[in-house]
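Shown next: entry21.cif, given as mmCIF, C-alpha atoms.
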data_work
#
loop_
_atom_site.group_PDB
_atom_site.id
_atom_site.type_symbol
_atom_site.label_atom_id
_atom_site.label_comp_id
_atom_site.auth_asym_id
_atom_site.auth_seq_id
_atom_site.Cartn_x
_atom_site.Cartn_y
_atom_site.Cartn_z
ATOM 1 C CA MET A 1 16.799 -12.427 -63.133
ATOM 2 C CA ASN A 2 17.649 -15.689 -64.878
ATOM 3 C CA THR A 3 20.115 -17.980 -63.180
ATOM 4 C CA PRO A 4 22.614 -20.130 -65.053
ATOM 5 C CA GLN A 5 21.356 -23.616 -65.595
ATOM 6 C CA SER A 6 22.651 -27.021 -66.480
ATOM 7 C CA PRO A 7 20.876 -29.196 -69.047
ATOM 8 C CA SER A 8 19.460 -31.306 -66.210
ATOM 9 C CA ASP A 9 17.572 -28.236 -64.930
ATOM 10 C CA GLN A 10 15.186 -28.601 -67.856
ATOM 11 C CA PHE A 11 15.713 -32.148 -68.989
ATOM 12 C CA LEU A 12 16.301 -35.494 -67.397
ATOM 13 C CA THR A 13 19.690 -36.383 -66.014
ATOM 14 C CA LEU A 14 21.314 -39.529 -67.379
ATOM 15 C CA GLU A 15 20.344 -41.332 -64.164
ATOM 16 C CA GLU A 16 16.710 -40.233 -64.426
ATOM 17 C CA SER A 17 16.606 -41.214 -68.078
ATOM 18 C CA ALA A 18 18.015 -44.657 -67.292
ATOM 19 C CA LYS A 19 15.395 -45.137 -64.567
ATOM 20 C CA VAL A 20 12.597 -44.244 -66.988
ATOM 21 C CA ASP A 21 14.069 -46.593 -69.602
ATOM 22 C CA ALA A 22 14.192 -49.413 -67.048
ATOM 23 C CA ALA A 23 10.600 -48.888 -65.935
ATOM 24 C CA LEU A 24 8.019 -51.415 -67.054
ATOM 25 C CA LEU A 25 6.116 -48.872 -69.127
ATOM 26 C CA SER A 26 4.976 -48.597 -72.716
ATOM 27 C CA SER A 27 6.667 -46.065 -74.976
ATOM 28 C CA PRO A 28 3.814 -43.521 -74.598
ATOM 29 C CA GLU A 29 3.941 -43.957 -70.807
ATOM 30 C CA LYS A 30 7.718 -43.411 -70.804
ATOM 31 C CA PHE A 31 7.246 -40.238 -72.849
ATOM 32 C CA LEU A 32 4.648 -38.946 -70.391
ATOM 33 C CA THR A 33 6.920 -39.855 -67.467
ATOM 34 C CA ARG A 34 9.827 -37.901 -69.001
ATOM 35 C CA LEU A 35 7.542 -34.941 -69.689
ATOM 36 C CA THR A 36 6.207 -35.009 -66.137
ATOM 37 C CA ILE A 37 9.672 -35.094 -64.555
ATOM 38 C CA SER A 38 10.823 -32.210 -66.767
ATOM 39 C CA SER A 39 7.640 -30.287 -65.934
ATOM 40 C CA LEU A 40 8.225 -30.783 -62.222
ATOM 41 C CA LYS A 41 11.713 -29.306 -62.559
ATOM 42 C CA LEU A 42 10.329 -26.317 -64.432
ATOM 43 C CA LEU A 43 7.537 -25.810 -61.889
ATOM 44 C CA LYS A 44 10.119 -25.848 -59.079
ATOM 45 C CA HIS A 45 12.093 -23.156 -60.920
ATOM 46 C CA ILE A 46 8.992 -21.015 -61.494
ATOM 47 C CA ALA A 47 7.923 -21.408 -57.862
ATOM 48 C CA GLY A 48 11.398 -20.340 -56.766
ATOM 49 C CA GLU A 49 11.175 -17.173 -58.855
ATOM 50 C CA TYR A 50 7.852 -16.319 -57.217
ATOM 51 C CA GLY A 51 9.045 -17.331 -53.753
ATOM 52 C CA VAL A 52 6.250 -19.846 -53.261
ATOM 53 C CA THR A 53 5.965 -23.610 -53.073
ATOM 54 C CA VAL A 54 5.010 -25.573 -56.165
ATOM 55 C CA GLU A 55 1.706 -26.355 -54.476
ATOM 56 C CA ASP A 56 0.962 -22.649 -54.097
ATOM 57 C CA LEU A 57 1.662 -21.752 -57.734
ATOM 58 C CA THR A 58 -1.385 -20.578 -59.614
ATOM 59 C CA SER A 59 -2.177 -21.158 -63.264
ATOM 60 C CA GLN A 60 -1.941 -17.404 -63.790
ATOM 61 C CA GLN A 61 1.588 -17.319 -62.339
ATOM 62 C CA VAL A 62 2.671 -20.129 -64.668
ATOM 63 C CA ILE A 63 1.160 -18.344 -67.665
ATOM 64 C CA ALA A 64 2.760 -15.041 -66.648
ATOM 65 C CA TRP A 65 6.126 -16.742 -66.224
ATOM 66 C CA PHE A 66 5.942 -18.243 -69.718
ATOM 67 C CA GLU A 67 4.949 -14.850 -71.146
ATOM 68 C CA LYS A 68 7.919 -13.223 -69.397
ATOM 69 C CA ASP A 69 10.383 -15.875 -70.573
ATOM 70 C CA SER A 70 9.001 -15.659 -74.115
ATOM 71 C CA LYS A 71 9.395 -11.868 -74.084
ATOM 72 C CA ILE A 72 12.994 -12.193 -72.908
ATOM 73 C CA LYS A 73 13.642 -14.676 -75.720
ATOM 74 C CA ARG A 74 12.145 -12.320 -78.341
ATOM 75 C CA GLU A 75 13.848 -9.179 -77.078
ATOM 76 C CA GLN A 76 17.212 -10.466 -75.845
ATOM 77 C CA GLY A 77 17.680 -13.760 -77.661
ATOM 78 C CA ILE A 78 17.394 -17.379 -76.662
ATOM 79 C CA ALA A 79 20.566 -17.291 -74.567
ATOM 80 C CA ALA A 80 18.962 -14.780 -72.170
ATOM 81 C CA ALA A 81 15.788 -16.817 -71.660
ATOM 82 C CA TYR A 82 15.430 -19.648 -69.186
ATOM 83 C CA LEU A 83 13.926 -22.070 -71.684
ATOM 84 C CA LYS A 84 16.291 -22.815 -74.527
ATOM 85 C CA TRP A 85 13.723 -24.330 -76.905
#

Go ahead and express the file in the form of structure tokens.
Amino acid sequence: MNTPQSPSDQFLTLEESAKVDAALLSSPEKFLTRLTISSLKLLKHIAGEYGVTVEDLTSQQVIAWFEKDSKIKREQGIAAAYLKW
């Protein structure tokens, strides 16, 4: 069900972080950029679980995925869930 993941599956790699830091952006823009990159990674994971492209994901699928991951976290503990926060 849940595949092992590295920290860069959910968060920025050191290279990605350095690129954001080097960008000519304000602090709020850098935060939004980091959030967007992390969100893209998560959307790719969710799409993979549903066997669809990111473009074909629906809002309902994203909501259902979060509900499922939250339930796993509550019932089996944080280590069993995909999201570790």

**Request:** Take the PyMOL selection byres ((chain A and resi 82) around 7), apply it to the structure above, and return the hits as a list in words.
**Result:** Asn2, Asp69, Ala80, Ala81, Leu83 and Lys84 of chain A

Which centre and which edge lengths, in Å to one decimal, describe the axis-aligned box that holds all listed atoms of stretch 40-43 of chain A after 3 Å is added on each side, as JSON?
{"center_x": 9.6, "center_y": -28.3, "center_z": -63.2, "size_x": 10.2, "size_y": 11.0, "size_z": 8.5}

**Evaluate the PyMOL selection byres ((chain A and resi 37-43) around 9) and report residues as a ChimeraX atom specification** = /A:8-12,16,32-36,44-48,54,57,62

**Atom-to-atom span, atom CA of A:Gly51 and atom CA of A:Thr13, Å** = 25.0 Å

**Request:** Find the distance between atom CA of A:Ala22 and atom CA of A:Trp85 and write it in Å to one decimal.
**Result:**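 Computed distance, atom CA of A:Ala22 to atom CA of A:Trp85, equals 27.0 Å.
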
**Asked** What is the atom CA of A:Asp56-atom CA of A:Lys71 distance in Å, reported with one decimal?
**Response**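 Rounded to one decimal, the two atoms are 24.2 Å apart.
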